[in-house]
Structures are given as C-alpha cells and as structure tokens.
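Undergrad: Sending over query23.txt (compact mmCIF, C-alpha atoms).
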# COMPACT_ATOMS: atom_id res chain seq x y z
CA LEU A 20 83.28 125.19 108.83
CA ARG A 21 86.40 126.34 110.71
CA SER A 22 87.80 122.77 110.56
CA ALA A 23 87.16 122.65 106.81
CA LEU A 24 88.94 125.97 106.30
CA ILE A 25 91.93 124.72 108.33
CA VAL A 26 92.15 121.57 106.17
CA ILE A 27 91.95 123.62 102.96
CA ASN A 28 94.60 126.01 104.25
CA GLU A 29 96.94 123.09 105.11
CA LYS A 30 96.46 121.61 101.62
CA ASN A 31 97.21 124.98 100.04
CA LYS A 32 100.42 125.24 102.07
CA THR A 33 101.40 121.74 100.95
CA MET A 34 100.76 122.58 97.29
CA LYS A 35 102.81 125.80 97.57
CA LEU A 36 105.66 123.85 99.16
CA ARG A 37 105.56 121.26 96.38
CA TYR A 38 105.64 123.95 93.66
CA PHE A 39 108.52 125.75 95.41
CA ILE A 40 110.63 122.58 95.65
CA TYR A 41 109.93 121.50 92.07
CA SER A 42 110.52 124.99 90.66
CA SER A 43 113.77 125.52 92.58
CA LEU A 44 115.27 122.19 91.58
CA PHE A 45 114.11 122.57 87.98
CA LEU A 46 115.68 126.03 87.70
CA ALA A 47 118.91 124.72 89.21
CA PHE A 48 118.87 121.85 86.74
CA CYS A 49 118.33 124.17 83.76
CA ASN A 50 121.00 126.60 84.95
CA THR A 51 123.56 123.82 85.29
CA SER A 52 122.64 122.47 81.86
CA ALA A 53 123.12 125.87 80.24
CA ILE A 54 126.54 126.39 81.81
CA ALA A 55 127.91 122.99 80.84
CA GLU A 56 126.05 122.32 77.62
CA GLU A 57 129.18 121.46 75.68
CA ASN A 58 130.06 118.71 78.22
CA LYS A 59 126.78 116.79 77.87
CA PRO A 60 125.42 117.89 81.24
CA PHE A 61 122.63 115.34 81.39
CA THR A 62 121.62 111.89 80.22
CA THR A 63 118.24 110.36 79.52
CA GLN A 64 117.02 106.98 80.63
CA PHE A 65 113.86 105.08 79.70
CA SER A 66 112.40 101.80 80.86
CA ILE A 67 109.45 99.63 79.95
CA GLY A 68 108.22 96.50 81.63
CA TYR A 69 105.51 94.24 82.94
CA MET A 70 104.71 93.04 86.49
CA SER A 71 102.67 89.88 87.04
CA GLN A 72 101.24 91.80 90.05
CA TYR A 73 101.80 95.40 91.11
CA ILE A 74 102.67 95.21 94.81
CA SER A 75 103.74 98.41 96.59
CA SER A 76 104.82 98.29 100.26
CA GLY A 77 103.06 94.94 100.60
CA ILE A 78 99.71 96.09 99.15
CA ASP A 79 98.21 94.90 95.84
CA GLN A 80 97.61 97.96 93.63
CA ASN A 81 95.95 96.33 90.60
CA GLY A 82 93.34 93.85 91.82
CA ASN A 83 95.49 90.71 91.52
CA LYS A 84 96.20 91.45 87.85
CA GLY A 85 99.34 92.13 85.85
CA SER A 86 100.47 95.71 85.22
CA ALA A 87 102.54 97.26 82.45
CA PHE A 88 104.76 100.23 83.30
CA VAL A 89 106.87 102.87 81.57
CA SER A 90 109.33 105.43 82.94
CA ALA A 91 111.45 108.32 81.65
CA ASP A 92 114.23 110.16 83.49
CA ILE A 93 116.54 113.10 82.83
CA ILE A 94 119.68 112.93 84.97
CA SER A 95 122.03 115.90 85.37
CA ASN A 96 125.76 115.35 85.93
CA THR A 97 125.34 117.42 89.11
CA GLY A 98 123.15 114.69 90.64
CA ILE A 99 119.79 116.42 90.11
CA TYR A 100 117.20 114.33 88.28
CA VAL A 101 113.57 114.57 87.18
CA GLY A 102 111.33 111.82 85.91
CA ALA A 103 107.96 110.18 85.54
CA TRP A 104 106.68 106.63 85.99
CA THR A 105 103.26 105.21 85.11
CA ALA A 106 101.54 101.87 85.59
CA GLU A 107 98.09 100.28 85.46
CA VAL A 108 96.13 100.24 88.72
CA ASP A 109 92.68 99.15 89.84
CA SER A 110 91.37 101.12 92.81
CA ALA A 111 88.02 101.22 94.57
CA ASN A 112 87.57 104.85 93.45
CA GLY A 113 87.79 104.00 89.77
CA ALA A 114 91.39 104.93 88.96
CA GLY A 115 92.87 102.96 86.07
CA LYS A 116 96.33 104.47 85.88
CA GLU A 117 98.90 105.74 88.35
CA ILE A 118 101.30 108.48 87.25
CA ASP A 119 104.22 109.42 89.48
CA TYR A 120 106.31 112.55 88.98
CA TYR A 121 109.53 112.92 90.94
CA ILE A 122 112.48 115.23 91.33
CA GLY A 123 115.50 114.72 93.52
CA TYR A 124 119.22 114.71 94.07
CA LYS A 125 121.67 111.81 94.26
CA GLY A 126 125.05 112.22 95.90
CA LYS A 127 127.82 110.47 97.79
CA PHE A 128 129.40 111.11 101.17
CA SER A 129 132.44 108.96 101.85
CA LYS A 130 131.19 105.39 101.25
CA LEU A 131 127.53 106.35 101.66
CA ASN A 132 125.30 106.92 98.62
CA TYR A 133 122.17 108.98 99.22
CA ASP A 134 119.07 109.99 97.28
CA VAL A 135 116.65 112.72 98.50
CA GLY A 136 113.61 114.07 96.72
CA HIS A 137 109.87 114.44 96.35
CA LYS A 138 107.36 112.29 94.51
CA SER A 139 103.79 113.17 93.50
CA PHE A 140 101.17 110.49 92.86
CA TYR A 141 98.28 111.11 90.45
CA TYR A 142 95.51 108.64 89.65
CA SER A 143 93.64 109.10 86.37
CA GLY A 144 89.98 108.22 86.24
CA THR A 145 89.35 108.53 89.97
CA SER A 146 86.36 110.48 91.21
CA ASP A 147 88.14 111.32 94.47
CA LYS A 148 90.82 114.01 94.09
CA GLY A 149 91.95 113.16 97.63
CA ASP A 150 93.63 110.06 96.22
CA ASN A 151 96.28 112.29 94.64
CA SER A 152 99.10 112.80 97.09
CA GLY A 153 102.85 113.12 97.49
CA GLU A 154 105.76 112.20 99.71
CA PHE A 155 109.26 113.26 100.60
CA TYR A 156 111.83 110.49 100.55
CA VAL A 157 115.39 109.75 101.66
CA ASN A 158 117.24 106.63 100.52
CA VAL A 159 120.74 105.69 101.66
CA GLU A 160 122.95 102.72 100.81
CA ALA A 161 126.46 101.50 101.57
CA GLN A 162 128.75 98.53 101.08
CA PRO A 163 130.41 98.22 104.51
CA PHE A 164 131.83 94.71 104.07
CA ASP A 165 132.72 94.23 100.42
CA SER A 166 131.45 95.29 97.01
CA SER A 167 129.15 92.27 96.71
CA VAL A 168 127.01 93.14 99.78
CA THR A 169 124.83 96.28 99.90
CA LEU A 170 122.82 97.63 102.85
CA ALA A 171 120.05 100.13 102.10
CA LEU A 172 117.43 102.10 104.03
CA GLU A 173 114.43 103.79 102.39
CA LEU A 174 112.35 106.38 104.29
CA ALA A 175 109.25 108.25 103.09
CA LYS A 176 106.85 110.72 104.71
CA ASN A 177 103.48 111.87 103.39
CA ASP A 178 103.30 115.57 102.53
CA GLN A 179 99.59 115.90 103.35
CA GLY A 180 100.15 116.97 106.94
CA THR A 181 99.50 113.49 108.36
CA ASN A 182 101.92 111.28 110.27
CA ASP A 183 101.98 108.57 107.59
CA GLU A 184 105.52 107.26 107.30
CA ALA A 185 107.04 104.29 105.52
CA LYS A 186 110.40 102.65 105.96
CA LYS A 187 112.15 99.67 104.44
CA PHE A 188 115.50 98.01 105.11
CA ILE A 189 117.18 96.02 102.34
CA ILE A 190 120.24 93.78 102.29
CA SER A 191 121.41 92.39 98.96
CA LYS A 192 124.29 90.27 97.71
CA GLU A 193 125.64 89.42 94.28
CA LEU A 194 125.87 85.64 93.94
CA TYR A 195 126.70 83.85 90.69
CA GLU A 196 125.81 86.98 88.66
CA THR A 197 122.43 87.09 90.39
CA ASN A 198 121.32 89.74 92.89
CA ILE A 199 119.68 88.16 95.96
CA SER A 200 117.92 90.53 98.35
CA PHE A 201 115.91 90.48 101.57
CA ASN A 202 113.72 93.38 102.67
CA ILE A 203 111.56 94.19 105.67
CA GLY A 204 109.45 97.30 106.20
CA GLU A 205 106.30 98.94 107.47
CA VAL A 206 103.80 101.65 106.66
CA GLU A 207 102.91 103.40 109.91
CA ALA A 208 99.43 102.58 111.24
CA SER A 209 98.80 100.38 108.19
CA ASN A 210 100.84 97.25 107.53
CA ASP A 211 104.09 95.34 107.94
CA PHE A 212 105.76 93.46 105.09
CA TRP A 213 108.85 91.49 104.19
CA GLY A 214 110.12 89.73 101.13
CA ILE A 215 112.94 88.06 99.25
CA ALA A 216 113.85 88.56 95.60
CA ALA A 217 116.27 87.34 92.95
CA SER A 218 117.09 89.43 89.88
CA LYS A 219 119.21 88.65 86.83
CA SER A 220 119.69 89.87 83.28
CA PHE A 221 119.17 87.67 80.23
CA TYR A 222 119.49 88.78 76.61
CA ASN A 223 119.35 92.48 77.56
CA LEU A 224 116.20 91.99 79.64
CA ASP A 225 116.01 92.30 83.44
CA PHE A 226 114.07 89.63 85.35
CA GLU A 227 113.03 89.71 89.01
CA LEU A 228 111.25 86.95 90.89
CA ALA A 229 109.96 88.06 94.31
CA TYR A 230 108.09 86.62 97.28
CA ILE A 231 106.21 89.19 99.42
CA ASN A 232 104.44 88.61 102.73
CA ASN A 233 102.06 91.33 103.97
CA SER A 234 100.33 91.67 107.34
CA MET A 235 97.87 94.43 108.23
CA LYS A 236 98.23 96.04 111.66
CA GLU A 237 94.47 95.96 112.10
CA SER A 238 92.43 92.86 111.38
CA ASN A 239 91.92 92.68 107.62
CA ALA A 240 92.07 89.13 106.32
CA GLU A 241 91.65 90.23 102.70
CA SER A 242 94.91 92.21 102.78
CA ASP A 243 96.93 89.69 104.85
CA LYS A 244 98.41 88.07 101.78
CA GLU A 245 101.40 86.37 100.26
CA PHE A 246 102.49 87.17 96.71
CA LEU A 247 104.83 85.60 94.19
CA THR A 248 105.57 88.07 91.42
CA LEU A 249 107.63 88.17 88.24
CA THR A 250 108.80 91.45 86.71
CA ILE A 251 110.37 91.76 83.28
CA SER A 252 111.86 95.10 82.20
CA LYS A 253 114.15 96.74 79.69
CA GLU A 254 116.19 99.94 80.06
CA PHE A 255 117.21 102.19 77.18
Let's see the structure in the file written out as structure tokens.
TA:
Amino acid sequence: LRSALIVINEKNKTMKLRYFIYSSLFLAFCNTSAIAEENKPFTTQFSIGYMSQYISSGIDQNGNKGSAFVSADIISNTGIYVGAWTAEVDSANGAGKEIDYYIGYKGKFSKLNYDVGHKSFYYSGTSDKGDNSGEFYVNVEAQPFDSSVTLALELAKNDQGTNDEAKKFIISKELYETNISFNIGEVEASNDFWGIAASKSFYNLDFELAYINNSMKESNAESDKEFLTLTISKEF
C-alpha cells in the first residue's frame, strides 16, 4: 500500500509540473500577443499527410499499416509555440489514435539553433491510462561547415519519474535540391536504430523516402526489423 501511495504521489507531482509549465508558457504567449497585436505577433501553420508506416524511434506504431496524420501550430514571434499532432496507431491495449500536445520555445545562440519544450502523448480508445505519458525535449542544430550541411542532436526524457531517455544524432546535406540525411539513435534500455532518408518537394507536396533499421537491446525477433517508408505531406 505504501508503494502504491508513493507511485500515486509521484504521478501527482508530475501532473502538477506539467500544468505549471503549460500554464506559464501559455500565459507568456498570450501576454506577448496582447502587447504586440498590431505587429502580427504570431503565425499559424497546418500540415496533413500520410505515412506508409508510422515508425517512431525505430518501433512500428501502427501494426505494419499506413497512417494519416494532421497537425496545427501557433508560433509566436518571441519563439514560443504551441501545437497538436495526431495520427492513427494500433496498440496492444486497443488505442486507435495518438494525440500529441506540445509547447516549447525556439531560439538561436550564435550559430546554434535550439528548441526546448514538453510534449504530452494521449492514446484514444486504450483501456490502460498508463499509456498516456509525456516527455521533456531539447533539440539543437548547427551548420558548422557550410549552409548545405546541418548537424542536429535530439534529446528526450520521460516525465514519469523513470530513467527512460532517447537520443538521436542527425547529419543532413542538400544535394541537387534534395535533402539527404543519416540518423542514429537509441531509446535507453529498449532499442537502437539508424536510418537514411531523402526528401524533396514536388508540386507543393513534400515527399520523404526512408530506410530504418531497428534492433532491440533484449532478444525480440519480432521487433528487430527493417522498414522502407514513404511519407507524403502538405503544409499550409
């Protein structure tokens, strides 16, 4: 019973922290918008698309099926942004849709671009509320050589009081109006993955063809997989 109370208390602390962060950033966003309303203090951005497979950090999220997705973002000229993203999923606990809510701040320090924030994951239709979770993230990128080569590092840590961490390193280069990228990463105590991708725009549509190789850290032949995916999207 004492262990259960400790777990509940830790989850309550996590929820309070989430609400504090979201509320503080939202109030800052609204305050900035009110002050600079006449200067168009924010922009909106929408996207819609389809993935032949929904692969996240090397793991198939939709049972080897295609997944449609939609997103909406409000971006302040101060760098603060809020948004939501949703896609079809197929989980063992019955979830049919993933909905992500995020809030963060993008800035620049010298030649380094950074993005810090928090993301909450909700799964509709699941019978297990424990599937809903969140993470804090930090993404940084730079172009140390020339404007055609970009180095990026993405870090994420679970906010549930566990040690689950994810990291991914990406190097990309513009070549013949096509972005070619290589990435390698891991989810702590879970899996390692790497991949290559090529993305290009045609007729106002964005196309990405990607190869992904996933390897579980513990023996799990069903999840040791290779994927070849195609994503088509459109931004508004």
Undergrad: Write out, as a Markdown table, each residue of segment 151-241 of chain A that has an atom at most 10 Å from segment 61-73 of chain A, together with the closest pair of atoms and their distance in Å to one decimal, counting only C-alpha atoms, rows going by chain and rising number.
TA:
| residue | atom | partner | partner_atom | distance |
| --- | --- | --- | --- | --- |
| A:Leu224 | CA | A:Gly68 | CA | 9.4 |
| A:Asp225 | CA | A:Gly68 | CA | 9.0 |
| A:Phe226 | CA | A:Gly68 | CA | 9.8 |
| A:Glu227 | CA | A:Met70 | CA | 9.3 |
| A:Leu228 | CA | A:Ser71 | CA | 9.9 |
Undergrad: So what do you get for atom CA of Tyr230 of chain A versus atom CA of Leu249 of chain A, distance-wise?
TA: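 Spanning atom CA of Tyr230 of chain A to atom CA of Leu249 of chain A is a straight-line distance of 9.2 Å.
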Undergrad: Measuring between only C-alpha atoms, which one of A:Gly136, A:Lys84, A:Asp79, A:Val89 shows the shortest distance to Val101 of chain A?
TA: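 Using only C-alpha atoms, Val101 of chain A sits closest to A:Gly136.
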Undergrad: Using only C-alpha atoms, determine which residues lie at most 7 Å from segment 106-109 of chain A, disregarding the query and same-chain residues fewer than 4 positions distant; provide the list as a list in words.
TA: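 With the cut-off at 7 Å, the set is Gln80, Asn81, Gly82, Ser86, Ala87, Phe88, Val89, Gly113, Ala114, Gly115, Lys116, Glu117 and Ile118 of chain A.
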